[in-house]
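**Q** Before we start, here is the structure in question, set down as structure tokens.
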Amino acid sequence: MNDMRIVERTVDTQNTKITARGVQVHYGTSHAIKDLNVDILDKTVTAFIGPSGCGKSTFLRCLNRMNDTIAVCKVSGEIKLEGEDIYDARVDPVQLRAKVGMVFQKPNPFPKSIYDNVAYGPKIHGLTRNKAELDEIVESSLKKAAIWNEVKDRLSAPGTGLSGGQQQRLCIARAIATSPEVLLMDEPCSALDPIATSQVEELIDELRSQFSVVIVTHSMQQAARVSQKTAFFHLGHLVEYGETGQIFTNPQDPRTESYISGRIG
Ligand SMILES: Nc1ncnc2c1ncn2[C@@H]1O[C@H](COP(=O)(O)OP(=O)(O)OP(=O)(O)O)[C@@H](O)[C@H]1O
């Protein structure tokens, strides 16, 4: 019992960015997320791991209301960003997604120039007053996404003309251009080769100093390399959540143990 209290205090002293309480997700009659509770910390990389179909992407999409776009999907329970209920009727999902950015499995640059890909978000959200400010955001976002040196001489070239790894870093630049508080990444390296993967992993580590990063990954090695916290999902339940080192070396639940030792999944 004492130990439990110590754990709670440790979590409270760190900055919690997102709290989820009693979250349930249904697709029609199919129950995809079952009574999920979690605190996601600021300036931390949190990895969601677990076998295929266990609900990782579904829960990730709850965090910026991307599930709103799926007609059969119903989300209940409570999710708060910095204490504010993101499902409150007054919250505009488009504004929310500027604060909780997302990077997808497959790099998906807009069919526009490199510059316009990054400038798009700040423009539609009215974050700049003039071209000079917009130029500054585009440059700083491309620098933070570690792709500036590769594209600075061809900002008007199409984003779709870049390599897969460059496109994914461009998509990361696009996501951070609106100064989000949280960056959600759904298997961001699954379409990349090992070199591009390691570049994106290094970048994730750097982004942690400014954002709360949540990454869904099928690779336990990747979770171990990039995250400080890991959540293990199984059949719609968040089975175990803790320090990444502890989850991989000393899992408390037999289902986590089976997964990390390769017996389920
Ligand atoms: N758009 C959808 N419509 C209906 N059911 C869905 C939809 N998306 C996901 N599901 C179902 O919800 C459950 C969880 O799926 P989800 O994609 O969240 O799992 P996952 O852990 O991310 O899987 P994977 O690792 O294979 O990407 C699965 O049973 C899946 O079939």
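Just remember, in the structure tokens the first chain shown is A, the second B, etc., residues are 1-based per chain, and ligands are 1-based in the order shown.
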Do a neighbour search on Ser141 (chain A) at 7 Å with only C-alpha atoms, toss out local chain neighbours closer than 5 positions, and write the hits as a PDB file with N, CA and C atoms, in the first residue's frame.

**A**
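What follows is the written file out27.pdb:
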ATOM      1  N   ALA A 173       7.752  18.342 -39.456  1.00  0.00           N
ATOM      2  CA  ALA A 173       7.873  19.814 -39.470  1.00  0.00           C
ATOM      3  C   ALA A 173       6.481  20.445 -39.589  1.00  0.00           C
ATOM      4  N   ILE A 176       4.699  20.234 -36.267  1.00  0.00           N
ATOM      5  CA  ILE A 176       5.183  21.089 -35.165  1.00  0.00           C
ATOM      6  C   ILE A 176       5.085  22.588 -35.488  1.00  0.00           C
ATOM      7  N   ALA A 177       4.725  22.914 -36.750  1.00  0.00           N
ATOM      8  CA  ALA A 177       4.667  24.328 -37.146  1.00  0.00           C
ATOM      9  C   ALA A 177       3.574  25.107 -36.412  1.00  0.00           C
TER      10      ALA A 177
END

**Q** Determine, counting only C-alpha atoms, which protein, DNA and RNA residues have an atom within 7 Å of an atom of region 166-171 of chain A; residues of the same chain fewer than 4 positions away are not included. Present the result as a PDB file with N, CA and C atoms, in the first residue's frame.

**A**
ATOM      1  N   VAL A 103       1.346  12.571 -36.683  1.00  0.00           N
ATOM      2  CA  VAL A 103       2.169  12.099 -37.803  1.00  0.00           C
ATOM      3  C   VAL A 103       1.747  10.654 -38.056  1.00  0.00           C
ATOM      4  N   PRO A 107       4.209   8.566 -44.822  1.00  0.00           N
ATOM      5  CA  PRO A 107       4.378  10.013 -44.999  1.00  0.00           C
ATOM      6  C   PRO A 107       3.327  10.537 -45.978  1.00  0.00           C
ATOM      7  N   ASN A 108       2.632  11.620 -45.610  1.00  0.00           N
ATOM      8  CA  ASN A 108       1.529  12.111 -46.450  1.00  0.00           C
ATOM      9  C   ASN A 108       1.629  13.609 -46.691  1.00  0.00           C
ATOM     10  N   PRO A 109       2.758  14.071 -47.307  1.00  0.00           N
ATOM     11  CA  PRO A 109       2.831  15.509 -47.589  1.00  0.00           C
ATOM     12  C   PRO A 109       1.704  15.927 -48.526  1.00  0.00           C
ATOM     13  N   ALA A 145      12.789  19.768 -37.189  1.00  0.00           N
ATOM     14  CA  ALA A 145      12.531  18.438 -37.764  1.00  0.00           C
ATOM     15  C   ALA A 145      13.775  17.883 -38.459  1.00  0.00           C
ATOM     16  N   ILE A 147      15.543  18.726 -41.043  1.00  0.00           N
ATOM     17  CA  ILE A 147      15.530  18.547 -42.500  1.00  0.00           C
ATOM     18  C   ILE A 147      15.887  19.856 -43.222  1.00  0.00           C
ATOM     19  N   GLY A 159       6.810  18.805 -52.062  1.00  0.00           N
ATOM     20  CA  GLY A 159       7.130  17.944 -50.920  1.00  0.00           C
ATOM     21  C   GLY A 159       7.113  16.477 -51.302  1.00  0.00           C
ATOM     22  N   THR A 160       6.263  16.143 -52.271  1.00  0.00           N
ATOM     23  CA  THR A 160       6.138  14.749 -52.689  1.00  0.00           C
ATOM     24  C   THR A 160       7.379  14.255 -53.447  1.00  0.00           C
ATOM     25  N   LEU A 162      10.415  14.446 -52.316  1.00  0.00           N
ATOM     26  CA  LEU A 162      11.478  14.064 -51.372  1.00  0.00           C
ATOM     27  C   LEU A 162      11.482  12.552 -51.158  1.00  0.00           C
ATOM     28  N   ALA A 175       3.674  19.155 -38.637  1.00  0.00           N
ATOM     29  CA  ALA A 175       2.916  18.970 -37.385  1.00  0.00           C
ATOM     30  C   ALA A 175       3.406  19.915 -36.289  1.00  0.00           C
TER      31      ALA A 175
END

**Q** Hey, which bits of chain A sit within 9 Å of ligand 1, and for each residue what's the closest pair of atoms and how far apart in Å (one decimal), counting only C-alpha atoms and all ligand atoms, rows by chain and increasing number, as CSV?

**A**
residue,atom,partner,partner_atom_place_in_ligand_line,distance
A:Val25,CA,ligand 1,12 (O),8.6
A:His26,CA,ligand 1,12 (O),7.9
A:Tyr27,CA,ligand 1,4 (C),5.0
A:Gly28,CA,ligand 1,4 (C),7.4
A:Ser30,CA,ligand 1,5 (N),7.1
A:His31,CA,ligand 1,12 (O),7.5
A:Ala32,CA,ligand 1,13 (C),4.8
A:Ile33,CA,ligand 1,14 (C),7.5
A:Phe48,CA,ligand 1,21 (O),8.6
A:Ile49,CA,ligand 1,21 (O),7.7
A:Gly50,CA,ligand 1,21 (O),6.3
A:Pro51,CA,ligand 1,25 (O),6.0
A:Ser52,CA,ligand 1,26 (O),3.5
A:Gly53,CA,ligand 1,19 (O),3.4
A:Cys54,CA,ligand 1,21 (O),3.9
A:Gly55,CA,ligand 1,18 (O),3.3
A:Lys56,CA,ligand 1,21 (O),3.9
A:Ser57,CA,ligand 1,22 (O),3.6
A:Thr58,CA,ligand 1,18 (O),3.6
A:Phe59,CA,ligand 1,18 (O),6.5
A:Leu60,CA,ligand 1,18 (O),8.0
A:Arg61,CA,ligand 1,18 (O),8.4
A:Asn67,CA,ligand 1,1 (N),8.2
A:Ile70,CA,ligand 1,1 (N),6.1
A:Ala71,CA,ligand 1,1 (N),8.4
A:Val72,CA,ligand 1,3 (N),6.8
A:Cys73,CA,ligand 1,3 (N),7.0
A:Asp186,CA,ligand 1,22 (O),8.3
A:Glu187,CA,ligand 1,27 (O),8.2
A:Val216,CA,ligand 1,22 (O),7.4
A:Thr217,CA,ligand 1,25 (O),7.6
A:His218,CA,ligand 1,25 (O),6.4
A:Phe233,CA,ligand 1,21 (O),7.4
A:His234,CA,ligand 1,21 (O),8.0
A:Leu235,CA,ligand 1,14 (C),8.0
A:Gly236,CA,ligand 1,14 (C),6.9

**Q** How would the residues just chosen look if you wrote them out with N, CA and C atoms as a tab-separated table (two decimals), in the first residue's frame?

**A**
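Final output, result_26.tsv:
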chain	number	residue	atom	x	y	z
A	25	VAL	N	-14.24	2.91	-26.15
A	25	VAL	CA	-14.47	3.20	-27.57
A	25	VAL	C	-15.19	2.00	-28.19
A	26	HIS	N	-16.26	2.30	-28.90
A	26	HIS	CA	-16.99	1.27	-29.66
A	26	HIS	C	-16.97	1.62	-31.14
A	27	TYR	N	-16.78	0.61	-31.98
A	27	TYR	CA	-17.06	0.74	-33.41
A	27	TYR	C	-18.33	-0.05	-33.64
A	28	GLY	N	-19.46	0.62	-33.74
A	28	GLY	CA	-20.73	-0.12	-33.79
A	28	GLY	C	-20.86	-0.94	-32.51
A	30	SER	N	-18.74	-3.35	-31.72
A	30	SER	CA	-17.43	-3.89	-31.32
A	30	SER	C	-16.75	-2.96	-30.31
A	31	HIS	N	-16.36	-3.53	-29.18
A	31	HIS	CA	-15.82	-2.76	-28.05
A	31	HIS	C	-14.29	-2.73	-28.17
A	32	ALA	N	-13.74	-1.60	-28.63
A	32	ALA	CA	-12.31	-1.57	-28.98
A	32	ALA	C	-11.42	-1.10	-27.84
A	33	ILE	N	-11.93	-0.20	-26.97
A	33	ILE	CA	-11.15	0.28	-25.81
A	33	ILE	C	-12.03	0.13	-24.59
A	48	PHE	N	3.14	3.24	-27.09
A	48	PHE	CA	2.02	2.30	-26.97
A	48	PHE	C	2.43	1.04	-27.73
A	49	ILE	N	2.49	-0.07	-27.01
A	49	ILE	CA	2.84	-1.34	-27.65
A	49	ILE	C	1.73	-2.37	-27.40
A	50	GLY	N	1.78	-3.45	-28.17
A	50	GLY	CA	0.80	-4.52	-27.98
A	50	GLY	C	0.49	-5.18	-29.31
A	51	PRO	N	-0.12	-6.37	-29.25
A	51	PRO	CA	-0.39	-7.11	-30.49
A	51	PRO	C	-1.36	-6.38	-31.41
A	52	SER	N	-1.34	-6.77	-32.67
A	52	SER	CA	-2.19	-6.17	-33.68
A	52	SER	C	-3.66	-6.22	-33.26
A	53	GLY	N	-4.35	-5.08	-33.44
A	53	GLY	CA	-5.78	-5.04	-33.16
A	53	GLY	C	-6.13	-4.82	-31.70
A	54	CYS	N	-5.13	-4.53	-30.84
A	54	CYS	CA	-5.40	-4.39	-29.40
A	54	CYS	C	-5.93	-3.01	-29.04
A	55	GLY	N	-5.91	-2.05	-30.00
A	55	GLY	CA	-6.52	-0.74	-29.72
A	55	GLY	C	-5.54	0.42	-29.60
A	56	LYS	N	-4.28	0.21	-29.91
A	56	LYS	CA	-3.27	1.28	-29.76
A	56	LYS	C	-3.63	2.51	-30.60
A	57	SER	N	-3.88	2.27	-31.92
A	57	SER	CA	-4.17	3.41	-32.80
A	57	SER	C	-5.51	4.04	-32.44
A	58	THR	N	-6.48	3.20	-32.07
A	58	THR	CA	-7.79	3.73	-31.69
A	58	THR	C	-7.65	4.69	-30.52
A	59	PHE	N	-6.89	4.30	-29.50
A	59	PHE	CA	-6.75	5.19	-28.35
A	59	PHE	C	-5.93	6.43	-28.72
A	60	LEU	N	-4.88	6.24	-29.54
A	60	LEU	CA	-4.09	7.40	-29.97
A	60	LEU	C	-5.00	8.42	-30.66
A	61	ARG	N	-5.89	7.92	-31.53
A	61	ARG	CA	-6.78	8.82	-32.26
A	61	ARG	C	-7.81	9.50	-31.36
A	67	ASN	N	-10.93	10.18	-34.19
A	67	ASN	CA	-12.02	9.20	-34.32
A	67	ASN	C	-13.35	9.86	-34.67
A	70	ILE	N	-14.74	9.02	-37.98
A	70	ILE	CA	-15.23	7.67	-38.29
A	70	ILE	C	-16.66	7.56	-37.75
A	71	ALA	N	-17.63	7.46	-38.68
A	71	ALA	CA	-19.04	7.57	-38.28
A	71	ALA	C	-19.45	6.55	-37.22
A	72	VAL	N	-18.97	5.30	-37.33
A	72	VAL	CA	-19.43	4.26	-36.40
A	72	VAL	C	-18.71	4.31	-35.05
A	73	CYS	N	-17.73	5.20	-34.93
A	73	CYS	CA	-16.91	5.20	-33.72
A	73	CYS	C	-17.51	6.09	-32.64
A	186	ASP	N	1.79	7.68	-35.21
A	186	ASP	CA	1.24	6.33	-35.38
A	186	ASP	C	2.18	5.51	-36.27
A	187	GLU	N	3.02	4.72	-35.68
A	187	GLU	CA	4.03	3.92	-36.41
A	187	GLU	C	4.77	4.79	-37.44
A	216	VAL	N	2.92	5.11	-31.33
A	216	VAL	CA	2.50	3.71	-31.46
A	216	VAL	C	3.58	3.00	-32.26
A	217	THR	N	4.05	1.89	-31.75
A	217	THR	CA	5.06	1.14	-32.49
A	217	THR	C	4.86	-0.36	-32.36
A	218	HIS	N	5.19	-1.06	-33.46
A	218	HIS	CA	5.17	-2.52	-33.43
A	218	HIS	C	6.52	-3.05	-33.01
A	233	PHE	N	-0.89	-2.62	-24.37
A	233	PHE	CA	-2.31	-2.84	-24.63
A	233	PHE	C	-2.53	-4.31	-25.01
A	234	HIS	N	-3.70	-4.83	-24.58
A	234	HIS	CA	-4.08	-6.19	-24.98
A	234	HIS	C	-5.60	-6.29	-25.01
A	235	LEU	N	-6.15	-6.66	-26.15
A	235	LEU	CA	-7.60	-6.85	-26.32
A	235	LEU	C	-8.42	-5.66	-25.78
A	236	GLY	N	-7.96	-4.45	-26.09
A	236	GLY	CA	-8.70	-3.25	-25.71
A	236	GLY	C	-8.44	-2.75	-24.31

**Q** As a PyMOL selection string, please: all residues of region 30-207 of chain A that backbone DSSP puts in helix (DSSP H, G or I).

**A** chain A and resi 56-62+66-69+93-99+114-124+131-144+148-151+159-161+164-176+194-207

**Q** Applying 12 Å and only C-alpha atoms, which residues near Asp193 (chain A) remain after dropping the ones on its own chain fewer than 3 positions away? List them as a list in words.

**A**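 Listed by chain and then number, they are Ser163, Gly164, Gly165, Gln166, Gln168, Pro188, Cys189, Ser190, Ala196, Thr197, Ser198, Gln199 and Val200 of chain A.
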
**Q** Please measure the separation of CA of Gly101 (chain A) and CA of Asn130 (chain A), giving the value in Å to one decimal.

**A**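 Those two atoms sit 23.4 Å apart.
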
**Q** Taking into account only C-alpha atoms, which residue in the set A:Pro158, A:Ala98, A:Val226, A:Asp135 is nearest to Gly121 (chain A)?

**A**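 So, comparing all the options, the nearest one is A:Ala98.
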
**Q** Would you please give, as a PyMOL selection string, all residues of region 5-176 of chain A that DSSP assigns to strand (DSSP E or B) based on the backbone?

**A** chain A and resi 16-27+30-41+45-49+73-81+84-85+100-103+113+158

**Q** Now that the selection is made, can you save its residues with N, CA and C atoms as a compact mmCIF listing (two decimals), in the first residue's frame?

**A**
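File selection_13.txt, as written:
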# COMPACT_ATOMS: atom_id res chain seq x y z
N THR A 16 1.83 16.34 -15.76
CA THR A 16 0.89 15.53 -16.55
C THR A 16 0.28 16.41 -17.64
N LYS A 17 0.32 15.92 -18.86
CA LYS A 17 -0.21 16.69 -19.99
C LYS A 17 -1.64 16.25 -20.31
N ILE A 18 -1.82 14.93 -20.36
CA ILE A 18 -3.14 14.40 -20.72
C ILE A 18 -3.57 13.41 -19.64
N THR A 19 -4.84 13.52 -19.22
CA THR A 19 -5.38 12.49 -18.33
C THR A 19 -6.57 11.85 -19.03
N ALA A 20 -6.59 10.53 -19.00
CA ALA A 20 -7.73 9.80 -19.57
C ALA A 20 -8.34 8.99 -18.44
N ARG A 21 -9.67 9.08 -18.31
CA ARG A 21 -10.37 8.36 -17.24
C ARG A 21 -11.60 7.64 -17.80
N GLY A 22 -11.64 6.34 -17.57
CA GLY A 22 -12.82 5.55 -17.96
C GLY A 22 -13.14 5.63 -19.44
N VAL A 23 -12.10 5.65 -20.28
CA VAL A 23 -12.35 5.80 -21.72
C VAL A 23 -12.81 4.47 -22.32
N GLN A 24 -13.91 4.56 -23.06
CA GLN A 24 -14.45 3.39 -23.78
C GLN A 24 -14.59 3.80 -25.24
N VAL A 25 -14.24 2.91 -26.15
CA VAL A 25 -14.47 3.20 -27.57
C VAL A 25 -15.19 2.00 -28.19
N HIS A 26 -16.26 2.30 -28.90
CA HIS A 26 -16.99 1.27 -29.66
C HIS A 26 -16.97 1.62 -31.14
N TYR A 27 -16.78 0.61 -31.98
CA TYR A 27 -17.06 0.74 -33.41
C TYR A 27 -18.33 -0.05 -33.64
N SER A 30 -18.74 -3.35 -31.72
CA SER A 30 -17.43 -3.89 -31.32
C SER A 30 -16.75 -2.96 -30.31
N HIS A 31 -16.36 -3.53 -29.18
CA HIS A 31 -15.82 -2.76 -28.05
C HIS A 31 -14.29 -2.73 -28.17
N ALA A 32 -13.74 -1.60 -28.63
CA ALA A 32 -12.31 -1.57 -28.98
C ALA A 32 -11.42 -1.10 -27.84
N ILE A 33 -11.93 -0.20 -26.97
CA ILE A 33 -11.15 0.28 -25.81
C ILE A 33 -12.03 0.13 -24.59
N LYS A 34 -11.47 -0.52 -23.55
CA LYS A 34 -12.28 -0.90 -22.39
C LYS A 34 -11.79 -0.21 -21.11
N ASP A 35 -12.52 0.79 -20.66
CA ASP A 35 -12.28 1.45 -19.38
C ASP A 35 -10.81 1.80 -19.17
N LEU A 36 -10.32 2.65 -20.04
CA LEU A 36 -8.88 2.96 -20.02
C LEU A 36 -8.59 4.21 -19.19
N ASN A 37 -7.61 4.09 -18.30
CA ASN A 37 -7.17 5.20 -17.46
C ASN A 37 -5.68 5.37 -17.63
N VAL A 38 -5.24 6.60 -17.89
CA VAL A 38 -3.79 6.81 -18.00
C VAL A 38 -3.48 8.30 -17.83
N ASP A 39 -2.28 8.59 -17.33
CA ASP A 39 -1.76 9.97 -17.29
C ASP A 39 -0.57 10.01 -18.22
N ILE A 40 -0.61 10.90 -19.20
CA ILE A 40 0.50 11.03 -20.15
C ILE A 40 1.29 12.28 -19.79
N LEU A 41 2.59 12.12 -19.66
CA LEU A 41 3.42 13.20 -19.13
C LEU A 41 3.95 14.12 -20.21
N VAL A 45 8.58 10.80 -23.93
CA VAL A 45 8.09 9.96 -25.03
C VAL A 45 7.38 8.76 -24.41
N THR A 46 6.11 8.59 -24.76
CA THR A 46 5.34 7.44 -24.27
C THR A 46 5.08 6.52 -25.45
N ALA A 47 5.45 5.25 -25.30
CA ALA A 47 5.23 4.28 -26.39
C ALA A 47 3.99 3.45 -26.07
N PHE A 48 3.14 3.24 -27.09
CA PHE A 48 2.02 2.30 -26.97
C PHE A 48 2.43 1.04 -27.73
N ILE A 49 2.49 -0.07 -27.01
CA ILE A 49 2.84 -1.34 -27.65
C ILE A 49 1.73 -2.37 -27.40
N CYS A 73 -17.73 5.20 -34.93
CA CYS A 73 -16.91 5.20 -33.72
C CYS A 73 -17.51 6.09 -32.64
N LYS A 74 -17.68 5.51 -31.45
CA LYS A 74 -18.23 6.28 -30.32
C LYS A 74 -17.24 6.23 -29.17
N VAL A 75 -16.88 7.42 -28.68
CA VAL A 75 -15.91 7.52 -27.58
C VAL A 75 -16.66 8.03 -26.35
N SER A 76 -16.47 7.38 -25.19
CA SER A 76 -17.03 7.93 -23.95
C SER A 76 -15.96 7.92 -22.87
N GLY A 77 -16.29 8.51 -21.71
CA GLY A 77 -15.27 8.70 -20.67
C GLY A 77 -14.73 10.11 -20.77
N GLU A 78 -13.58 10.32 -20.12
CA GLU A 78 -13.08 11.69 -20.05
C GLU A 78 -11.62 11.76 -20.47
N ILE A 79 -11.31 12.70 -21.37
CA ILE A 79 -9.91 12.94 -21.73
C ILE A 79 -9.66 14.43 -21.59
N LYS A 80 -8.67 14.77 -20.74
CA LYS A 80 -8.36 16.18 -20.51
C LYS A 80 -6.96 16.50 -20.96
N LEU A 81 -6.83 17.65 -21.62
CA LEU A 81 -5.52 18.18 -22.00
C LEU A 81 -5.29 19.38 -21.09
N GLU A 84 -8.38 20.47 -19.39
CA GLU A 84 -9.58 20.83 -20.16
C GLU A 84 -10.10 19.65 -20.94
N ASP A 85 -11.41 19.40 -20.81
CA ASP A 85 -12.04 18.26 -21.46
C ASP A 85 -12.03 18.46 -22.98
N VAL A 100 -2.65 19.27 -30.60
CA VAL A 100 -2.28 17.85 -30.50
C VAL A 100 -2.06 17.36 -31.93
N GLY A 101 -0.83 17.54 -32.39
CA GLY A 101 -0.50 17.24 -33.79
C GLY A 101 -0.34 15.74 -34.01
N MET A 102 -0.38 15.34 -35.28
CA MET A 102 -0.30 13.90 -35.57
C MET A 102 0.57 13.62 -36.79
N VAL A 103 1.35 12.57 -36.68
CA VAL A 103 2.17 12.10 -37.80
C VAL A 103 1.75 10.65 -38.06
N SER A 113 4.27 22.76 -52.34
CA SER A 113 5.71 22.93 -52.16
C SER A 113 6.10 22.57 -50.73
N PRO A 158 8.22 20.46 -54.93
CA PRO A 158 7.11 19.73 -54.29
C PRO A 158 7.58 18.82 -53.15

**Q** State, in Å with one decimal place, the distance from CA of Leu184 (chain A) to CA of Thr256 (chain A).

**A**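 Result for CA of Leu184 (chain A) versus CA of Thr256 (chain A): 22.8 Å, one decimal.
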